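Structure data (PDB, N, CA and C atoms) from model-v1.pdb:
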```pdb
ATOM      1  N   MET A   1     132.171  48.107 101.787  1.00  0.00           N
ATOM      2  CA  MET A   1     131.467  49.155 101.079  1.00  0.00           C
ATOM      3  C   MET A   1     129.970  48.846 101.084  1.00  0.00           C
ATOM      4  N   LEU A   2     129.162  49.827 101.451  1.00  0.00           N
ATOM      5  CA  LEU A   2     127.714  49.674 101.515  1.00  0.00           C
ATOM      6  C   LEU A   2     127.047  50.707 100.629  1.00  0.00           C
ATOM      7  N   PRO A   3     125.876  50.377 100.076  1.00  0.00           N
ATOM      8  CA  PRO A   3     125.107  51.399  99.369  1.00  0.00           C
ATOM      9  C   PRO A   3     124.720  52.523 100.341  1.00  0.00           C
ATOM     10  N   VAL A   4     124.562  53.725  99.833  1.00  0.00           N
ATOM     11  CA  VAL A   4     124.285  54.882 100.680  1.00  0.00           C
ATOM     12  C   VAL A   4     123.012  54.691 101.500  1.00  0.00           C
ATOM     13  N   GLY A   5     121.947  54.197 100.907  1.00  0.00           N
ATOM     14  CA  GLY A   5     120.692  54.002 101.625  1.00  0.00           C
ATOM     15  C   GLY A   5     120.835  53.028 102.781  1.00  0.00           C
ATOM     16  N   THR A   6     121.547  51.942 102.544  1.00  0.00           N
ATOM     17  CA  THR A   6     121.767  50.951 103.588  1.00  0.00           C
ATOM     18  C   THR A   6     122.633  51.528 104.696  1.00  0.00           C
ATOM     19  N   ALA A   7     123.698  52.214 104.330  1.00  0.00           N
ATOM     20  CA  ALA A   7     124.588  52.801 105.338  1.00  0.00           C
ATOM     21  C   ALA A   7     123.841  53.811 106.197  1.00  0.00           C
ATOM     22  N   TYR A   8     123.010  54.639 105.582  1.00  0.00           N
ATOM     23  CA  TYR A   8     122.243  55.624 106.346  1.00  0.00           C
ATOM     24  C   TYR A   8     121.292  54.931 107.316  1.00  0.00           C
ATOM     25  N   ALA A   9     120.599  53.911 106.847  1.00  0.00           N
ATOM     26  CA  ALA A   9     119.663  53.184 107.709  1.00  0.00           C
ATOM     27  C   ALA A   9     120.392  52.509 108.865  1.00  0.00           C
ATOM     28  N   VAL A  10     121.547  51.934 108.594  1.00  0.00           N
ATOM     29  CA  VAL A  10     122.324  51.260 109.637  1.00  0.00           C
ATOM     30  C   VAL A  10     122.765  52.261 110.700  1.00  0.00           C
ATOM     31  N   TRP A  11     123.346  53.380 110.304  1.00  0.00           N
ATOM     32  CA  TRP A  11     123.837  54.354 111.282  1.00  0.00           C
ATOM     33  C   TRP A  11     122.701  55.023 112.036  1.00  0.00           C
ATOM     34  N   THR A  12     121.579  55.268 111.371  1.00  0.00           N
ATOM     35  CA  THR A  12     120.418  55.826 112.050  1.00  0.00           C
ATOM     36  C   THR A  12     119.887  54.842 113.086  1.00  0.00           C
ATOM     37  N   GLY A  13     119.825  53.569 112.720  1.00  0.00           N
ATOM     38  CA  GLY A  13     119.371  52.541 113.654  1.00  0.00           C
ATOM     39  C   GLY A  13     120.288  52.408 114.850  1.00  0.00           C
ATOM     40  N   ILE A  14     121.584  52.447 114.608  1.00  0.00           N
ATOM     41  CA  ILE A  14     122.550  52.371 115.702  1.00  0.00           C
ATOM     42  C   ILE A  14     122.378  53.565 116.641  1.00  0.00           C
ATOM     43  N   GLY A  15     122.148  54.729 116.079  1.00  0.00           N
ATOM     44  CA  GLY A  15     121.921  55.919 116.898  1.00  0.00           C
ATOM     45  C   GLY A  15     120.659  55.800 117.728  1.00  0.00           C
ATOM     46  N   ALA A  16     119.597  55.277 117.145  1.00  0.00           N
ATOM     47  CA  ALA A  16     118.334  55.125 117.868  1.00  0.00           C
ATOM     48  C   ALA A  16     118.469  54.121 119.008  1.00  0.00           C
ATOM     49  N   VAL A  17     119.103  52.997 118.738  1.00  0.00           N
ATOM     50  CA  VAL A  17     119.292  51.977 119.777  1.00  0.00           C
ATOM     51  C   VAL A  17     120.220  52.509 120.872  1.00  0.00           C
ATOM     52  N   GLY A  18     121.273  53.190 120.490  1.00  0.00           N
ATOM     53  CA  GLY A  18     122.191  53.764 121.474  1.00  0.00           C
ATOM     54  C   GLY A  18     121.512  54.798 122.355  1.00  0.00           C
ATOM     55  N   THR A  19     120.672  55.638 121.756  1.00  0.00           N
ATOM     56  CA  THR A  19     119.952  56.648 122.524  1.00  0.00           C
ATOM     57  C   THR A  19     118.982  55.995 123.504  1.00  0.00           C
ATOM     58  N   ALA A  20     118.278  54.976 123.052  1.00  0.00           N
ATOM     59  CA  ALA A  20     117.350  54.264 123.943  1.00  0.00           C
ATOM     60  C   ALA A  20     118.101  53.597 125.093  1.00  0.00           C
ATOM     61  N   ALA A  21     119.244  52.988 124.784  1.00  0.00           N
ATOM     62  CA  ALA A  21     120.036  52.324 125.827  1.00  0.00           C
ATOM     63  C   ALA A  21     120.567  53.331 126.842  1.00  0.00           C
ATOM     64  N   LEU A  22     121.039  54.476 126.371  1.00  0.00           N
ATOM     65  CA  LEU A  22     121.527  55.492 127.295  1.00  0.00           C
ATOM     66  C   LEU A  22     120.404  56.053 128.160  1.00  0.00           C
ATOM     67  N   GLY A  23     119.225  56.173 127.585  1.00  0.00           N
ATOM     68  CA  GLY A  23     118.082  56.628 128.371  1.00  0.00           C
ATOM     69  C   GLY A  23     117.777  55.687 129.518  1.00  0.00           C
ATOM     70  N   VAL A  24     117.869  54.411 129.239  1.00  0.00           N
ATOM     71  CA  VAL A  24     117.616  53.412 130.285  1.00  0.00           C
ATOM     72  C   VAL A  24     118.739  53.417 131.321  1.00  0.00           C
ATOM     73  N   LEU A  25     119.975  53.458 130.860  1.00  0.00           N
ATOM     74  CA  LEU A  25     121.115  53.364 131.772  1.00  0.00           C
ATOM     75  C   LEU A  25     121.366  54.635 132.581  1.00  0.00           C
ATOM     76  N   LEU A  26     121.254  55.790 131.936  1.00  0.00           N
ATOM     77  CA  LEU A  26     121.603  57.034 132.615  1.00  0.00           C
ATOM     78  C   LEU A  26     120.424  57.724 133.284  1.00  0.00           C
ATOM     79  N   PHE A  27     119.239  57.569 132.711  1.00  0.00           N
ATOM     80  CA  PHE A  27     118.086  58.309 133.210  1.00  0.00           C
ATOM     81  C   PHE A  27     117.000  57.405 133.786  1.00  0.00           C
ATOM     82  N   GLN A  28     117.316  56.142 133.974  1.00  0.00           N
ATOM     83  CA  GLN A  28     116.409  55.169 134.568  1.00  0.00           C
ATOM     84  C   GLN A  28     115.018  55.173 133.909  1.00  0.00           C
ATOM     85  N   GLU A  29     115.006  55.312 132.584  1.00  0.00           N
ATOM     86  CA  GLU A  29     113.738  55.225 131.869  1.00  0.00           C
ATOM     87  C   GLU A  29     113.216  53.795 131.985  1.00  0.00           C
ATOM     88  N   PRO A  30     111.906  53.631 132.061  1.00  0.00           N
ATOM     89  CA  PRO A  30     111.350  52.288 132.242  1.00  0.00           C
ATOM     90  C   PRO A  30     111.548  51.412 131.004  1.00  0.00           C
ATOM     91  N   VAL A  31     111.741  50.130 131.255  1.00  0.00           N
ATOM     92  CA  VAL A  31     111.858  49.150 130.176  1.00  0.00           C
ATOM     93  C   VAL A  31     110.716  48.158 130.343  1.00  0.00           C
ATOM     94  N   ASN A  32     109.931  47.992 129.299  1.00  0.00           N
ATOM     95  CA  ASN A  32     108.893  46.973 129.325  1.00  0.00           C
ATOM     96  C   ASN A  32     109.084  46.060 128.122  1.00  0.00           C
ATOM     97  N   ALA A  33     108.251  45.049 128.004  1.00  0.00           N
ATOM     98  CA  ALA A  33     108.425  44.052 126.948  1.00  0.00           C
ATOM     99  C   ALA A  33     108.289  44.665 125.554  1.00  0.00           C
ATOM    100  N   VAL A  34     107.368  45.586 125.395  1.00  0.00           N
ATOM    101  CA  VAL A  34     107.164  46.199 124.073  1.00  0.00           C
ATOM    102  C   VAL A  34     108.377  47.030 123.676  1.00  0.00           C
ATOM    103  N   ARG A  35     108.900  47.790 124.610  1.00  0.00           N
ATOM    104  CA  ARG A  35     110.077  48.628 124.315  1.00  0.00           C
ATOM    105  C   ARG A  35     111.297  47.756 123.991  1.00  0.00           C
ATOM    106  N   ALA A  36     111.535  46.751 124.812  1.00  0.00           N
ATOM    107  CA  ALA A  36     112.672  45.856 124.574  1.00  0.00           C
ATOM    108  C   ALA A  36     112.513  45.123 123.244  1.00  0.00           C
ATOM    109  N   GLY A  37     111.309  44.684 122.947  1.00  0.00           N
ATOM    110  CA  GLY A  37     111.067  44.011 121.669  1.00  0.00           C
ATOM    111  C   GLY A  37     111.277  44.920 120.482  1.00  0.00           C
ATOM    112  N   SER A  38     110.861  46.172 120.614  1.00  0.00           N
ATOM    113  CA  SER A  38     111.051  47.135 119.527  1.00  0.00           C
ATOM    114  C   SER A  38     112.533  47.402 119.273  1.00  0.00           C
ATOM    115  N   ILE A  39     113.292  47.533 120.346  1.00  0.00           N
ATOM    116  CA  ILE A  39     114.740  47.727 120.199  1.00  0.00           C
ATOM    117  C   ILE A  39     115.367  46.501 119.546  1.00  0.00           C
ATOM    118  N   ALA A  40     114.933  45.319 119.948  1.00  0.00           N
ATOM    119  CA  ALA A  40     115.449  44.092 119.346  1.00  0.00           C
ATOM    120  C   ALA A  40     115.125  44.039 117.856  1.00  0.00           C
ATOM    121  N   LEU A  41     113.932  44.476 117.476  1.00  0.00           N
ATOM    122  CA  LEU A  41     113.576  44.480 116.051  1.00  0.00           C
ATOM    123  C   LEU A  41     114.452  45.438 115.248  1.00  0.00           C
ATOM    124  N   VAL A  42     114.789  46.580 115.838  1.00  0.00           N
ATOM    125  CA  VAL A  42     115.688  47.509 115.150  1.00  0.00           C
ATOM    126  C   VAL A  42     117.051  46.860 114.951  1.00  0.00           C
ATOM    127  N   ILE A  43     117.555  46.183 115.974  1.00  0.00           N
ATOM    128  CA  ILE A  43     118.858  45.509 115.872  1.00  0.00           C
ATOM    129  C   ILE A  43     118.807  44.413 114.813  1.00  0.00           C
ATOM    130  N   ILE A  44     117.731  43.648 114.790  1.00  0.00           N
ATOM    131  CA  ILE A  44     117.579  42.599 113.773  1.00  0.00           C
ATOM    132  C   ILE A  44     117.533  43.220 112.373  1.00  0.00           C
ATOM    133  N   GLY A  45     116.837  44.336 112.245  1.00  0.00           N
ATOM    134  CA  GLY A  45     116.772  45.021 110.949  1.00  0.00           C
ATOM    135  C   GLY A  45     118.134  45.521 110.495  1.00  0.00           C
ATOM    136  N   ILE A  46     118.913  46.073 111.421  1.00  0.00           N
ATOM    137  CA  ILE A  46     120.267  46.539 111.090  1.00  0.00           C
ATOM    138  C   ILE A  46     121.119  45.363 110.610  1.00  0.00           C
ATOM    139  N   ALA A  47     121.072  44.260 111.355  1.00  0.00           N
ATOM    140  CA  ALA A  47     121.845  43.078 110.965  1.00  0.00           C
ATOM    141  C   ALA A  47     121.398  42.564 109.609  1.00  0.00           C
ATOM    142  N   GLY A  48     120.097  42.544 109.373  1.00  0.00           N
ATOM    143  CA  GLY A  48     119.581  42.077 108.087  1.00  0.00           C
ATOM    144  C   GLY A  48     120.045  42.946 106.931  1.00  0.00           C
ATOM    145  N   LEU A  49     120.033  44.269 107.121  1.00  0.00           N
ATOM    146  CA  LEU A  49     120.502  45.155 106.061  1.00  0.00           C
ATOM    147  C   LEU A  49     121.977  44.943 105.762  1.00  0.00           C
ATOM    148  N   LYS A  50     122.771  44.797 106.815  1.00  0.00           N
ATOM    149  CA  LYS A  50     124.211  44.599 106.600  1.00  0.00           C
ATOM    150  C   LYS A  50     124.489  43.256 105.934  1.00  0.00           C
ATOM    151  N   LEU A  51     123.765  42.215 106.332  1.00  0.00           N
ATOM    152  CA  LEU A  51     124.022  40.885 105.787  1.00  0.00           C
ATOM    153  C   LEU A  51     123.566  40.740 104.337  1.00  0.00           C
ATOM    154  N   THR A  52     122.547  41.479 103.955  1.00  0.00           N
ATOM    155  CA  THR A  52     122.023  41.342 102.590  1.00  0.00           C
ATOM    156  C   THR A  52     122.590  42.353 101.618  1.00  0.00           C
ATOM    157  N   SER A  53     123.493  43.226 102.079  1.00  0.00           N
ATOM    158  CA  SER A  53     124.109  44.197 101.194  1.00  0.00           C
ATOM    159  C   SER A  53     125.181  43.528 100.350  1.00  0.00           C
ATOM    160  N   ALA A  54     125.319  44.051  99.161  1.00  0.00           N
ATOM    161  CA  ALA A  54     126.317  43.478  98.238  1.00  0.00           C
ATOM    162  C   ALA A  54     127.719  43.790  98.694  1.00  0.00           C
TER
END
```
So that I can check it, write out the structure of this file as structure tokens.
Amino acid sequence: MLPVGTAYAVWTGIGAVGTAALGVLLFQEPVNAVRAGSIALVIIGIAGLKLTSA
């Protein structure tokens, strides 16, 4: 069970990362260090929210 705010942030983050990954895989969008780092930060944020939730 997660608080509503945390659950919304987690699912929104998963959607954003999934959309970015599909863009790279299906549409050959360019990947550079800044983009990859930003995606990694979103994943770290999602993990942090899930781990710190009651």
**Request:** Any chance you could resolve the PyMOL selection byres ((chain A and resi 37-49) around 8) against this file and give the residues as a list in words?
**Result:**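 Taken on the displayed file, the PyMOL selection byres ((chain A and resi 37-49) around 8) yields the residues Thr6, Ala7, Ala9, Val10, Trp11, Gly13, Ile14, Ala16, Val17, Ala20, Asn32, Ala33, Val34, Arg35, Ala36, Lys50, Leu51, Thr52, Ser53 and Ala54 of chain A.
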**Request:** Please identify which residues in chain A DSSP calls alpha helix (DSSP H) from the backbone, and express them as a ChimeraX atom specification.
**Result:** /A:4-27,33-52
All file atoms of segment 20-38 of chain A boxed axis-aligned, 6 Å per side, centre plus edges, as JSON:
```
{"center_x": 114.4, "center_y": 51.2, "center_z": 126.9, "size_x": 26.4, "size_y": 26.3, "size_z": 27.3}
```
**Asked** So how many Å separate atom C of Val24 of chain A and atom C of Tyr8 of chain A, to one decimal?
**Response** 24.2 Å
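Across the model, the gap from atom N of Met1 of chain A to atom N of Thr19 of chain A is 24.2 Å.
Here atom C of Gly5 of chain A and atom CA of Leu22 of chain A stand 24.6 Å from one another.
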